[in-house]
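Down below is the structure, laid out as structure tokens.
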Amino acid sequence: MQIRFSERAKCFRPSEIRNKLFDDPEIITFAAGKPEETLFPVKDVMEAAKHVLKLEGEKALQYSDTQGLREIRQMIASQRMKQAGVNVTEDDITLTSGSQQGIEFSAKIFVNEGDAIICENPSYVGAINAFKTYRPKYIGIPMDEDGMIMEELEKALIANPNARMIYTIPDFQNPTGRTMSIDRRKKLAEIGSKYQIPVIEDSPYAELIYEGVRAPAVKSFDKDGWVVMLGTFSKIFCPGLRVGWVCASEEMLQKYILAKQSSDLQCGSLDEKIIIAYMQKYNLNEHVEEIRKVYRERRDLMLECIRTYFPKEIKYTIPSGGFFIWLELKKEINAKELLLEAVKNAKVAFVPGGAFFTDSGHSNYIRLSFSFVDKEKIEMGMKRLGSLLYSHY
Ligand SMILES: Cc1ncc(COP(=O)(O)O)c(C=O)c1O
């Protein structure tokens, strides 16, 4: 059979972070960037769902607005966006199926084939893969402990007039766990205005902060409407409900709404209503506070294990929030080969870092996630990974 797939379909790539290798229950996996399931408030969600169906019956199962129900957008504006330091109303927001859809729409809206997308190097592999369909050129900007380096960004913008958007994850970045400094956030918003280029701020982890004070969003420094902020309930509540949002200036927002309409009409009405009912009855901030405690402990333990069980030469980031720790191994180690060995001999998994980069090479990095594994398994898995690493040092 010779199926003539579109050029677009040829760009689809399976995600390295959804590897079937990790499905073996004996394997302790630090690969998945998933939230801990036992933290999902199942009983409260059940109550909220029952309430909605009892109160609204069939109506709760009907189509609804493309932009999303007004009430949930009001809640997002007055709670989630306000906490990010962004003063907007429900009219500045449209819902998406997780922030992933907002990522994909951004390329759909702003990028033609051959245009350049600028992002941190490394960046979220799910975004790099989603953008690929639009056949862009990638320009990766180096980072340091304070996130994307703004001087490098400006150089890239000057050298590449065909750059059409900047994609950034300023809070506890996936994969490095790094956070952009406040000065750079201000500068990035200014750069968006100066070069008249959309800055897509993807911020799914910002509320999962384990120490210090949350930095205001890049969007909070946006004077002329060049920053588009993507948010989501996935990491702070339940990813299975697939509700995220885009906050953008009017002309851009209209394009996102039309992209949503032509793609899948709307988010699930029932999903939206369950979130509304949950937020009316319970306090989402209290839930976030509770889950932060668990993730903070896991992060602390994983860092402790790196210090105890790993060769001292290995460099690693210390994230103050989010799900990820990023490791730089010695150059001679190929993390993809190491993964095969880890799965087979040590029954432990991670994500090799190469796929997060916009250019080739970088085979000596790995991403570890501490969100999805309990403390006992973190200790056990890290010990196993440590002895495997020692055999290479
Ligand atoms: C940086 C980043 N953006 C977006 C997403 C997608 O999240 P959602 O479930 O909201 O689509 C993820 C998920 O891992 C992520 O790490």
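As shown in the structure tokens, the chain order sets the letters A, B, ...; within each chain, residues go from 1, and ligands are also counted from 1 in the order they appear.
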Set out as a Markdown table a contact list for chain A and ligand 1 with a cut-off of 6 Å, giving each residue of chain A that qualifies its closest atom pair and distance in Å to one decimal, counting only C-alpha atoms and all ligand atoms, ordered by chain and rising residue number.
```
| residue | atom | partner | partner_atom_place_in_ligand_line | distance |
| --- | --- | --- | --- | --- |
| A:Gly33 | CA | ligand 1 | 14 (O) | 5.6 |
| A:Gly98 | CA | ligand 1 | 11 (O) | 3.4 |
| A:Ser99 | CA | ligand 1 | 10 (O) | 3.8 |
| A:Gln100 | CA | ligand 1 | 11 (O) | 3.7 |
| A:Tyr124 | CA | ligand 1 | 1 (C) | 5.4 |
| A:Asn174 | CA | ligand 1 | 1 (C) | 5.2 |
| A:Asp202 | CA | ligand 1 | 3 (N) | 5.9 |
| A:Pro204 | CA | ligand 1 | 3 (N) | 5.9 |
| A:Thr232 | CA | ligand 1 | 10 (O) | 4.7 |
| A:Ser234 | CA | ligand 1 | 9 (O) | 4.8 |
| A:Pro239 | CA | ligand 1 | 9 (O) | 5.1 |
| A:Gly244 | CA | ligand 1 | 10 (O) | 5.5 |
```
Those residues with N, CA, C and O atoms, as an mmCIF file, in the first residue's frame please?
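Okay, this is what ended up in result21.cif:
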```
data_model
loop_
_atom_site.group_PDB
_atom_site.id
_atom_site.type_symbol
_atom_site.label_atom_id
_atom_site.label_comp_id
_atom_site.auth_asym_id
_atom_site.auth_seq_id
_atom_site.Cartn_x
_atom_site.Cartn_y
_atom_site.Cartn_z
ATOM 1 N N GLY A 33 6.433 14.029 32.474
ATOM 2 C CA GLY A 33 6.180 15.316 33.149
ATOM 3 C C GLY A 33 4.730 15.406 33.574
ATOM 4 O O GLY A 33 4.082 16.426 33.382
ATOM 5 N N GLY A 98 -6.133 22.607 26.585
ATOM 6 C CA GLY A 98 -4.811 22.648 27.202
ATOM 7 C C GLY A 98 -3.991 23.758 26.566
ATOM 8 O O GLY A 98 -4.399 24.344 25.545
ATOM 9 N N SER A 99 -2.836 24.044 27.167
ATOM 10 C CA SER A 99 -2.008 25.086 26.540
ATOM 11 C C SER A 99 -1.370 24.556 25.265
ATOM 12 O O SER A 99 -0.944 25.318 24.403
ATOM 13 N N GLN A 100 -1.334 23.227 25.133
ATOM 14 C CA GLN A 100 -0.761 22.621 23.930
ATOM 15 C C GLN A 100 -1.447 23.153 22.670
ATOM 16 O O GLN A 100 -0.803 23.414 21.654
ATOM 17 N N TYR A 124 10.709 23.202 25.130
ATOM 18 C CA TYR A 124 9.731 22.110 25.297
ATOM 19 C C TYR A 124 9.572 21.325 23.988
ATOM 20 O O TYR A 124 9.181 21.893 22.962
ATOM 21 N N ASN A 174 10.539 23.927 31.053
ATOM 22 C CA ASN A 174 10.639 22.558 30.578
ATOM 23 C C ASN A 174 11.584 22.608 29.367
ATOM 24 O O ASN A 174 11.254 23.285 28.396
ATOM 25 N N ASP A 202 4.513 30.794 27.475
ATOM 26 C CA ASP A 202 3.841 29.545 27.859
ATOM 27 C C ASP A 202 4.163 29.297 29.338
ATOM 28 O O ASP A 202 5.315 29.093 29.696
ATOM 29 N N PRO A 204 2.799 26.987 32.110
ATOM 30 C CA PRO A 204 1.957 26.020 32.828
ATOM 31 C C PRO A 204 2.396 25.737 34.268
ATOM 32 O O PRO A 204 1.620 25.207 35.053
ATOM 33 N N THR A 232 -3.030 27.187 31.760
ATOM 34 C CA THR A 232 -3.678 25.877 31.748
ATOM 35 C C THR A 232 -4.055 25.417 33.160
ATOM 36 O O THR A 232 -3.408 25.809 34.132
ATOM 37 N N SER A 234 -3.935 22.224 33.671
ATOM 38 C CA SER A 234 -3.373 20.864 33.672
ATOM 39 C C SER A 234 -2.493 20.550 34.872
ATOM 40 O O SER A 234 -2.611 19.495 35.474
ATOM 41 N N PRO A 239 -5.091 17.443 34.210
ATOM 42 C CA PRO A 239 -4.839 17.593 32.766
ATOM 43 C C PRO A 239 -5.875 16.907 31.890
ATOM 44 O O PRO A 239 -6.066 17.267 30.732
ATOM 45 N N GLY A 244 -7.285 24.917 28.824
ATOM 46 C CA GLY A 244 -6.227 25.913 28.938
ATOM 47 C C GLY A 244 -6.762 27.219 28.385
ATOM 48 O O GLY A 244 -7.950 27.305 28.025
#
```
Would you give me, as JSON, numbers by chain, the residues in segment 180-364 of chain A that DSSP reads as alpha helix (DSSP H)?
-> {"A": [182, 183, 184, 185, 186, 187, 188, 189, 190, 191, 192, 193, 194, 195, 250, 251, 252, 253, 254, 255, 256, 257, 258, 259, 260, 261, 262, 263, 264, 269, 270, 271, 272, 273, 274, 275, 276, 277, 278, 279, 280, 281, 284, 285, 286, 287, 288, 289, 290, 291, 292, 293, 294, 295, 296, 297, 298, 299, 300, 301, 302, 303, 304, 305, 306, 307, 308, 309, 335, 336, 337, 338, 339, 340, 341]}
Selected residue of minimal separation from Thr96 of chain A among A:Leu253, A:Ile141, A:Ala277, A:Leu284, counting only C-alpha atoms = A:Leu253
Take atom CA of Val45 of chain A and atom CA of Arg73 of chain A and report the distance between them in Å, one decimal.
->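 So the two atoms, atom CA of Val45 of chain A and atom CA of Arg73 of chain A, lie 19.0 Å apart.
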Name all residues at most 7 Å from segment 345-348 of chain A (count only C-alpha atoms; drop same-chain ones fewer than 5 positions away) and give them as a PDB file with N, CA and C atoms, in the first residue's frame.
```
ATOM      1  N   GLU A  26       7.639  -2.272  36.223  1.00  0.00           N
ATOM      2  CA  GLU A  26       8.830  -2.439  37.080  1.00  0.00           C
ATOM      3  C   GLU A  26       9.794  -1.254  36.948  1.00  0.00           C
ATOM      4  N   ILE A  27       9.587  -0.489  35.892  1.00  0.00           N
ATOM      5  CA  ILE A  27      10.515   0.623  35.650  1.00  0.00           C
ATOM      6  C   ILE A  27      10.096   1.845  36.461  1.00  0.00           C
ATOM      7  N   ILE A  28      11.046   2.419  37.141  1.00  0.00           N
ATOM      8  CA  ILE A  28      10.791   3.684  37.837  1.00  0.00           C
ATOM      9  C   ILE A  28      11.081   4.776  36.832  1.00  0.00           C
ATOM     10  N   THR A  29      10.048   5.535  36.496  1.00  0.00           N
ATOM     11  CA  THR A  29      10.277   6.513  35.432  1.00  0.00           C
ATOM     12  C   THR A  29      10.300   7.955  35.912  1.00  0.00           C
ATOM     13  N   GLY A 381      15.047   4.714  42.637  1.00  0.00           N
ATOM     14  CA  GLY A 381      15.394   4.947  41.228  1.00  0.00           C
ATOM     15  C   GLY A 381      16.672   5.763  41.084  1.00  0.00           C
ATOM     16  N   ARG A 384      19.704   3.652  41.805  1.00  0.00           N
ATOM     17  CA  ARG A 384      20.023   2.787  40.651  1.00  0.00           C
ATOM     18  C   ARG A 384      20.670   3.595  39.530  1.00  0.00           C
ATOM     19  N   LEU A 385      20.080   4.769  39.245  1.00  0.00           N
ATOM     20  CA  LEU A 385      20.622   5.600  38.160  1.00  0.00           C
ATOM     21  C   LEU A 385      22.034   6.068  38.523  1.00  0.00           C
TER      22      LEU A 385
END
```
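Within segment 28-180 of chain A, DSSP applied to the backbone places the following residues in strand (DSSP E): Ile28, Thr29, Ile93, Thr94, Leu95, Thr96, Ala116, Ile117, Ile118, Cys119, Glu120, Lys137, Tyr138, Ile139, Gly140, Ile141, Met143, Asp144, Gly147, Met148, Ala163, Arg164, Met165, Ile166, Tyr167 and Thr168 of chain A.
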Next, write the just-selected residues to a file, as a compact mmCIF listing (two decimals), in the first residue's frame, keeping C-alpha atoms as the atom set.
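Writing done, so here's part21.txt:
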```
# COMPACT_ATOMS: atom_id res chain seq x y z
CA ILE A 28 10.79 3.68 37.84
CA THR A 29 10.28 6.51 35.43
CA ILE A 93 -9.23 35.41 27.15
CA THR A 94 -10.21 32.47 24.97
CA LEU A 95 -10.12 28.82 25.97
CA THR A 96 -8.02 26.11 24.31
CA ALA A 116 11.76 31.61 11.79
CA ILE A 117 10.55 30.78 15.29
CA ILE A 118 12.81 31.90 18.09
CA CYS A 119 12.86 29.93 21.34
CA GLU A 120 15.09 29.03 24.23
CA LYS A 137 13.28 27.46 10.73
CA TYR A 138 14.22 27.35 14.42
CA ILE A 139 16.52 29.79 16.06
CA GLY A 140 17.56 28.62 19.51
CA ILE A 141 18.71 31.26 21.98
CA MET A 143 20.14 30.47 28.30
CA ASP A 144 21.89 30.92 31.61
CA GLY A 147 16.70 32.24 31.40
CA MET A 148 16.95 33.34 27.78
CA ALA A 163 11.50 35.75 12.59
CA ARG A 164 7.74 35.68 13.20
CA MET A 165 7.39 34.76 16.86
CA ILE A 166 9.33 34.24 20.06
CA TYR A 167 8.26 31.23 22.15
CA THR A 168 9.34 31.20 25.79
```
Expressed in Å to a single decimal, how great is the separation between atom CA of Phe356 of chain A and atom CA of Ile291 of chain A?
-> 26.8 Å
Write out as a list of chain:residue names each polymer residue whose atoms come within 8 Å of Gly192 of chain A, counting only C-alpha atoms; drop sequence neighbours fewer than 6 positions from it.
-> A:Pro198, A:Val199, A:Trp226, A:Val227
If you keep N, CA and C atoms, can you produce a file of those selected residues as a compact mmCIF listing (two decimals), in the first residue's frame?
```txt
# COMPACT_ATOMS: atom_id res chain seq x y z
N PRO A 198 5.33 38.91 17.99
CA PRO A 198 4.61 38.29 19.10
C PRO A 198 5.53 37.47 20.00
N VAL A 199 5.35 37.65 21.30
CA VAL A 199 6.10 36.85 22.29
C VAL A 199 5.08 35.90 22.91
N TRP A 226 2.02 42.95 22.48
CA TRP A 226 2.77 41.96 21.69
C TRP A 226 2.94 40.63 22.41
N VAL A 227 2.61 40.59 23.72
CA VAL A 227 2.78 39.34 24.46
C VAL A 227 1.47 38.56 24.51
```
Closest of A:Asp222, A:Ala77, A:Leu258, A:Thr176 to Lys108 of chain A, counting only C-alpha atoms, is A:Leu258
Nearby residues (only C-alpha atoms) at most 10 Å from Arg298 of chain A, same-chain spacing under 3 positions excluded, as an MDAnalysis selection string = chainID A and resid 292:295 301:304 323 369:376 378:379
Next, dump the selected residues to file, keeping only N, CA, C and O atoms, as a PDB file, in the first residue's frame.
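Final file, selection16.pdb:
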```pdb
ATOM      1  N   ARG A 292       1.695  21.759  46.019  1.00  0.00           N
ATOM      2  CA  ARG A 292       3.050  22.334  46.087  1.00  0.00           C
ATOM      3  C   ARG A 292       3.892  21.634  47.148  1.00  0.00           C
ATOM      4  O   ARG A 292       5.065  21.370  46.940  1.00  0.00           O
ATOM      5  N   LYS A 293       3.259  21.365  48.301  1.00  0.00           N
ATOM      6  CA  LYS A 293       4.002  20.742  49.410  1.00  0.00           C
ATOM      7  C   LYS A 293       4.580  19.402  48.962  1.00  0.00           C
ATOM      8  O   LYS A 293       5.740  19.095  49.204  1.00  0.00           O
ATOM      9  N   VAL A 294       3.742  18.612  48.296  1.00  0.00           N
ATOM     10  CA  VAL A 294       4.182  17.281  47.851  1.00  0.00           C
ATOM     11  C   VAL A 294       5.311  17.400  46.828  1.00  0.00           C
ATOM     12  O   VAL A 294       6.340  16.729  46.940  1.00  0.00           O
ATOM     13  N   TYR A 295       5.135  18.265  45.843  1.00  0.00           N
ATOM     14  CA  TYR A 295       6.157  18.407  44.809  1.00  0.00           C
ATOM     15  C   TYR A 295       7.458  18.985  45.394  1.00  0.00           C
ATOM     16  O   TYR A 295       8.545  18.614  44.982  1.00  0.00           O
ATOM     17  N   LEU A 301      14.058  15.851  47.708  1.00  0.00           N
ATOM     18  CA  LEU A 301      14.626  14.510  47.803  1.00  0.00           C
ATOM     19  C   LEU A 301      15.455  14.179  46.557  1.00  0.00           C
ATOM     20  O   LEU A 301      16.555  13.637  46.657  1.00  0.00           O
ATOM     21  N   MET A 302      14.940  14.538  45.384  1.00  0.00           N
ATOM     22  CA  MET A 302      15.689  14.221  44.165  1.00  0.00           C
ATOM     23  C   MET A 302      17.035  14.951  44.155  1.00  0.00           C
ATOM     24  O   MET A 302      18.067  14.378  43.796  1.00  0.00           O
ATOM     25  N   LEU A 303      17.030  16.200  44.581  1.00  0.00           N
ATOM     26  CA  LEU A 303      18.290  16.953  44.634  1.00  0.00           C
ATOM     27  C   LEU A 303      19.251  16.316  45.637  1.00  0.00           C
ATOM     28  O   LEU A 303      20.450  16.181  45.371  1.00  0.00           O
ATOM     29  N   GLU A 304      18.685  15.911  46.766  1.00  0.00           N
ATOM     30  CA  GLU A 304      19.498  15.257  47.798  1.00  0.00           C
ATOM     31  C   GLU A 304      20.134  13.969  47.231  1.00  0.00           C
ATOM     32  O   GLU A 304      21.305  13.681  47.454  1.00  0.00           O
ATOM     33  N   PHE A 323       8.464  20.879  37.569  1.00  0.00           N
ATOM     34  CA  PHE A 323       8.597  19.418  37.644  1.00  0.00           C
ATOM     35  C   PHE A 323       9.996  18.880  37.313  1.00  0.00           C
ATOM     36  O   PHE A 323      10.218  17.684  37.447  1.00  0.00           O
ATOM     37  N   SER A 369      12.236  14.125  35.873  1.00  0.00           N
ATOM     38  CA  SER A 369      11.029  14.729  36.428  1.00  0.00           C
ATOM     39  C   SER A 369      10.749  14.083  37.788  1.00  0.00           C
ATOM     40  O   SER A 369      10.803  12.861  37.927  1.00  0.00           O
ATOM     41  N   PHE A 370      10.434  14.914  38.777  1.00  0.00           N
ATOM     42  CA  PHE A 370      10.172  14.383  40.119  1.00  0.00           C
ATOM     43  C   PHE A 370       8.691  14.402  40.466  1.00  0.00           C
ATOM     44  O   PHE A 370       8.290  14.067  41.570  1.00  0.00           O
ATOM     45  N   SER A 371       7.831  14.787  39.497  1.00  0.00           N
ATOM     46  CA  SER A 371       6.418  15.010  39.823  1.00  0.00           C
ATOM     47  C   SER A 371       5.608  13.732  39.995  1.00  0.00           C
ATOM     48  O   SER A 371       4.659  13.686  40.766  1.00  0.00           O
ATOM     49  N   PHE A 372       6.005  12.677  39.279  1.00  0.00           N
ATOM     50  CA  PHE A 372       5.099  11.541  39.095  1.00  0.00           C
ATOM     51  C   PHE A 372       5.497  10.304  39.909  1.00  0.00           C
ATOM     52  O   PHE A 372       4.877   9.264  39.816  1.00  0.00           O
ATOM     53  N   VAL A 373       6.551  10.434  40.704  1.00  0.00           N
ATOM     54  CA  VAL A 373       7.093   9.268  41.404  1.00  0.00           C
ATOM     55  C   VAL A 373       7.119   9.560  42.903  1.00  0.00           C
ATOM     56  O   VAL A 373       7.556  10.647  43.310  1.00  0.00           O
ATOM     57  N   ASP A 374       6.651   8.592  43.718  1.00  0.00           N
ATOM     58  CA  ASP A 374       6.631   8.879  45.163  1.00  0.00           C
ATOM     59  C   ASP A 374       8.043   8.829  45.751  1.00  0.00           C
ATOM     60  O   ASP A 374       8.996   8.394  45.086  1.00  0.00           O
ATOM     61  N   LYS A 375       8.143   9.258  46.999  1.00  0.00           N
ATOM     62  CA  LYS A 375       9.478   9.470  47.570  1.00  0.00           C
ATOM     63  C   LYS A 375      10.290   8.171  47.661  1.00  0.00           C
ATOM     64  O   LYS A 375      11.487   8.159  47.413  1.00  0.00           O
ATOM     65  N   GLU A 376       9.596   7.099  48.012  1.00  0.00           N
ATOM     66  CA  GLU A 376      10.290   5.815  48.123  1.00  0.00           C
ATOM     67  C   GLU A 376      10.931   5.437  46.781  1.00  0.00           C
ATOM     68  O   GLU A 376      12.080   5.010  46.699  1.00  0.00           O
ATOM     69  N   ILE A 378      11.595   7.491  44.300  1.00  0.00           N
ATOM     70  CA  ILE A 378      12.637   8.465  43.914  1.00  0.00           C
ATOM     71  C   ILE A 378      13.970   7.994  44.497  1.00  0.00           C
ATOM     72  O   ILE A 378      14.980   7.896  43.791  1.00  0.00           O
ATOM     73  N   GLU A 379      13.949   7.664  45.757  1.00  0.00           N
ATOM     74  CA  GLU A 379      15.175   7.221  46.435  1.00  0.00           C
ATOM     75  C   GLU A 379      15.757   5.985  45.721  1.00  0.00           C
ATOM     76  O   GLU A 379      16.932   5.938  45.378  1.00  0.00           O
TER      77      GLU A 379
END
```
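Atom pair atom CA of Val343 of chain A / atom CA of Arg13 of chain A: separated by 22.1 Å.
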